[in-house]
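The structure file upload_20.txt is reproduced below (compact mmCIF, C-alpha atoms).
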```
# COMPACT_ATOMS: atom_id res chain seq x y z
CA MET E 1 0.00 0.00 0.00
CA VAL E 2 2.63 2.55 1.04
CA ASP E 3 4.85 1.68 -1.92
CA GLU E 4 1.90 2.33 -4.25
CA TRP E 5 1.13 5.64 -2.55
CA ILE E 6 4.73 6.78 -3.01
CA LYS E 7 4.77 5.74 -6.69
CA GLU E 8 1.50 7.63 -7.29
CA ILE E 9 2.74 10.78 -5.57
CA LYS E 10 6.02 10.76 -7.51
CA ARG E 11 4.05 10.25 -10.73
CA ASP E 12 1.27 12.78 -10.06
CA PHE E 13 3.12 15.70 -8.45
CA HIS E 14 5.83 17.89 -9.92
CA PRO E 15 9.22 17.40 -8.22
CA ASP E 16 9.14 21.05 -7.10
CA LYS E 17 6.16 20.14 -4.88
CA VAL E 18 7.60 16.99 -3.29
CA GLY E 19 11.02 16.96 -1.63
CA MET E 20 10.03 14.86 1.37
CA ILE E 21 7.62 12.00 1.99
CA LEU E 22 7.14 10.91 5.60
CA VAL E 23 5.34 7.71 6.58
CA HIS E 24 4.14 6.60 10.00
CA ASN E 25 3.26 2.93 10.55
CA GLY E 26 1.57 2.28 13.90
CA VAL E 27 1.70 -1.34 15.09
CA VAL E 28 -0.01 -3.14 17.99
CA ARG E 29 2.61 -3.45 20.73
CA GLY E 30 3.02 -6.49 22.97
CA THR E 31 3.04 -4.36 26.12
CA SER E 32 0.89 -1.52 27.40
CA LYS E 33 2.28 1.89 28.29
CA GLU E 34 2.24 0.70 31.91
CA GLY E 35 4.27 -2.41 31.01
CA GLY E 36 1.51 -5.05 31.15
CA LEU E 37 1.27 -7.78 28.52
CA VAL E 38 -1.18 -7.06 25.68
CA LYS E 39 -2.88 -9.76 23.60
CA GLY E 40 -4.35 -7.26 21.15
CA MET E 41 -6.76 -4.36 20.89
CA ILE E 42 -10.18 -3.39 19.66
CA LEU E 43 -10.05 -0.30 17.46
CA SER E 44 -12.85 1.89 16.13
CA VAL E 45 -12.37 4.81 13.73
CA ASP E 46 -14.29 8.04 13.12
CA ARG E 47 -13.72 8.05 9.36
CA LYS E 48 -15.63 11.29 8.81
CA LEU E 49 -13.39 13.16 11.24
CA LEU E 50 -10.30 11.58 9.67
CA ALA E 51 -11.33 12.69 6.16
CA SER E 52 -12.09 16.19 7.42
CA LYS E 53 -8.69 16.52 9.13
CA VAL E 54 -6.84 15.22 6.06
CA GLU E 55 -8.61 17.76 3.83
CA GLU E 56 -7.84 20.58 6.31
CA LEU E 57 -4.14 19.70 6.47
CA LYS E 58 -3.81 19.33 2.67
CA LYS E 59 -4.45 23.08 2.44
CA LYS E 60 -1.34 23.95 4.46
CA GLU E 61 1.52 25.69 2.68
CA GLY E 62 4.04 23.29 1.16
CA ILE E 63 1.88 20.16 1.44
CA ALA E 64 1.31 18.21 -1.79
CA GLU E 65 -0.55 15.13 -0.56
CA ILE E 66 -1.73 13.28 2.54
CA ARG E 67 -2.85 9.67 2.70
CA ALA E 68 -4.24 7.78 5.68
CA TRP E 69 -5.30 4.18 6.24
CA LEU E 70 -6.57 3.01 9.61
CA ASN E 71 -7.37 -0.55 10.58
CA GLU E 72 -10.50 -1.32 12.55
CA GLY E 73 -11.91 -4.14 14.65
CA GLU E 74 -10.06 -6.71 16.74
CA LEU E 75 -6.33 -6.54 16.13
CA HIS E 76 -3.51 -8.76 17.40
CA VAL E 77 0.04 -7.98 18.50
CA GLY E 78 2.08 -7.09 15.42
CA ASP E 79 -0.93 -6.04 13.31
CA ASP E 80 -0.82 -2.68 11.59
CA ILE E 81 -2.96 -0.03 13.26
CA MET E 82 -2.38 2.71 10.71
CA TYR E 83 -0.36 4.14 7.88
CA LEU E 84 -0.10 7.92 7.61
CA LEU E 85 1.77 9.62 4.78
CA VAL E 86 2.50 13.31 4.28
CA ALA E 87 4.29 14.57 1.17
CA GLY E 88 5.49 18.11 0.64
CA ARG E 89 8.25 20.50 -0.30
CA PHE E 90 10.48 20.69 2.74
CA ARG E 91 11.01 19.01 6.11
CA THR E 92 9.77 22.20 7.79
CA ASP E 93 6.46 21.85 5.91
CA VAL E 94 6.00 18.10 6.29
CA LEU E 95 7.10 17.26 9.86
CA PRO E 96 4.61 19.50 11.70
CA VAL E 97 1.73 18.32 9.52
CA LEU E 98 2.51 14.65 10.17
CA GLN E 99 2.74 15.43 13.90
CA GLU E 100 -0.62 17.24 13.87
CA LEU E 101 -2.30 14.46 11.90
CA LEU E 102 -0.92 11.74 14.18
CA THR E 103 -1.93 13.64 17.32
CA THR E 104 -5.48 14.13 16.01
CA VAL E 105 -5.76 10.48 15.01
CA LYS E 106 -4.58 9.22 18.40
CA LYS E 107 -6.58 11.76 20.41
CA ASP E 108 -9.86 12.09 18.49
CA VAL E 109 -10.16 9.75 15.49
CA VAL E 110 -9.49 6.32 17.00
CA LYS E 111 -10.85 4.70 20.11
CA GLU E 112 -8.71 1.83 21.34
CA LYS E 113 -9.29 -0.78 24.00
CA GLU E 114 -6.35 -3.00 24.84
CA ILE E 115 -7.03 -6.71 25.37
CA MET E 116 -4.89 -7.88 28.29
```
Target encoding C-alpha cells, full file:
Amino acid sequence: MVDEWIKEIKRDFHPDKVGMILVHNGVVRGTSKEGGLVKGMILSVDRKLLASKVEELKKKEGIAEIRAWLNEGELHVGDDIMYLLVAGRFRTDVLPVLQELLTTVKKDVVKEKEIM
C-alpha cells in the first residue's frame, strides 16, 4: 500500500512540490504503556473526522498530498494499526503536519481498547 502511494505521488506531483515524503506505521505493541502484557486491541475509527482533518491539512503551505489508512476491529500484536503519509516540499512543511495528523488520530479519530 505505502509503496503504491509513493509511486503515485512521484508520478502525479511535480518534483518542485515533493522533496520529502514521511510515513508513519503504527503497530499493535506487545506491552501496554504501563508495562503489562497485551494480547491485542479493539479499534474503532471516526472516518468522517479523519477525512475532514486530512482535507484541512492538505491546504497547508508546502503540502502536496496526505494519505491515511486506519485498521478497525479486533487486532492482534504485530498487526498494523495505521499508515499515515504526508508529502510536501520541505522538512519544515511536512514534519509539523505529520505530527498534527498523528496527534489528532490518536486523540480524536481512533478509540482503542487493549485486550490484556
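Our summary of the geometry notes that CA of Pro15 (chain E) is positioned 27.1 Å from CA of Leu50 (chain E).
Between Asp108 (chain E) and the candidates E:Lys33, E:Arg47, E:Arg11, E:Lys17, the tightest atom-to-atom separation, counting all atoms listed in the file, involves E:Arg47.
Nearest-residue note for Glu61 (chain E): choosing from E:Ala87, E:Leu43, E:Val28, E:Val38, the minimum distance belongs to E:Ala87, counting all atoms listed in the file.
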> Need the neighbours of (-2.0, 15.7, 2.5): which residues are at most 10 Å away, counting all atoms listed in the file, as a list in words?
Replying inline: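 Residues found, by chain and rising number: Lys53, Val54, Glu55, Glu56, Leu57, Lys58, Lys59, Lys60, Gly62, Ile63, Ala64, Glu65, Ile66, Arg67, Ala68, Leu84, Leu85, Val86, Ala87, Gly88, Val94, Val97, Leu98 and Leu101 of chain E.
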Residues at most 10 Å from Glu112 (chain E), counting only C-alpha atoms, excluding those fewer than 6 positions away in the same chain, as a short mmCIF file (atom, residue, chain, number, x, y, z; two decimals) with C-alpha atoms, keeping the file's coordinate frame?
```cif
data_model
loop_
_atom_site.label_atom_id
_atom_site.label_comp_id
_atom_site.auth_asym_id
_atom_site.auth_seq_id
_atom_site.Cartn_x
_atom_site.Cartn_y
_atom_site.Cartn_z
CA MET E 41 -6.76 -4.36 20.89
CA ILE E 42 -10.18 -3.39 19.66
CA LEU E 43 -10.05 -0.30 17.46
CA SER E 44 -12.85 1.89 16.13
CA VAL E 45 -12.37 4.81 13.73
CA GLU E 72 -10.50 -1.32 12.55
CA GLY E 73 -11.91 -4.14 14.65
CA GLU E 74 -10.06 -6.71 16.74
CA LYS E 106 -4.58 9.22 18.40
#
```
> So what do you get for CA of Thr31 (chain E) versus CA of Leu75 (chain E), distance-wise?
Replying inline: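 CA of Leu75 (chain E) lies 13.9 Å from CA of Thr31 (chain E).
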> Nearest to Gly26 (chain E): which of E:Asp80, E:Asp46, E:Glu100, E:Asp3 is it, counting only C-alpha atoms?
Replying inline: E:Asp80
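As for CA of Leu102 (chain E) and CA of Trp69 (chain E), they are spaced 11.8 Å apart.
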> Which residue, E:Val110, E:Leu49, E:Ile9, E:Ile81, has the smallest gap to Asn25 (chain E) when you use all atoms listed in the file?
Replying inline: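 That would be E:Ile81, the residue with the smallest distance to Asn25 (chain E).
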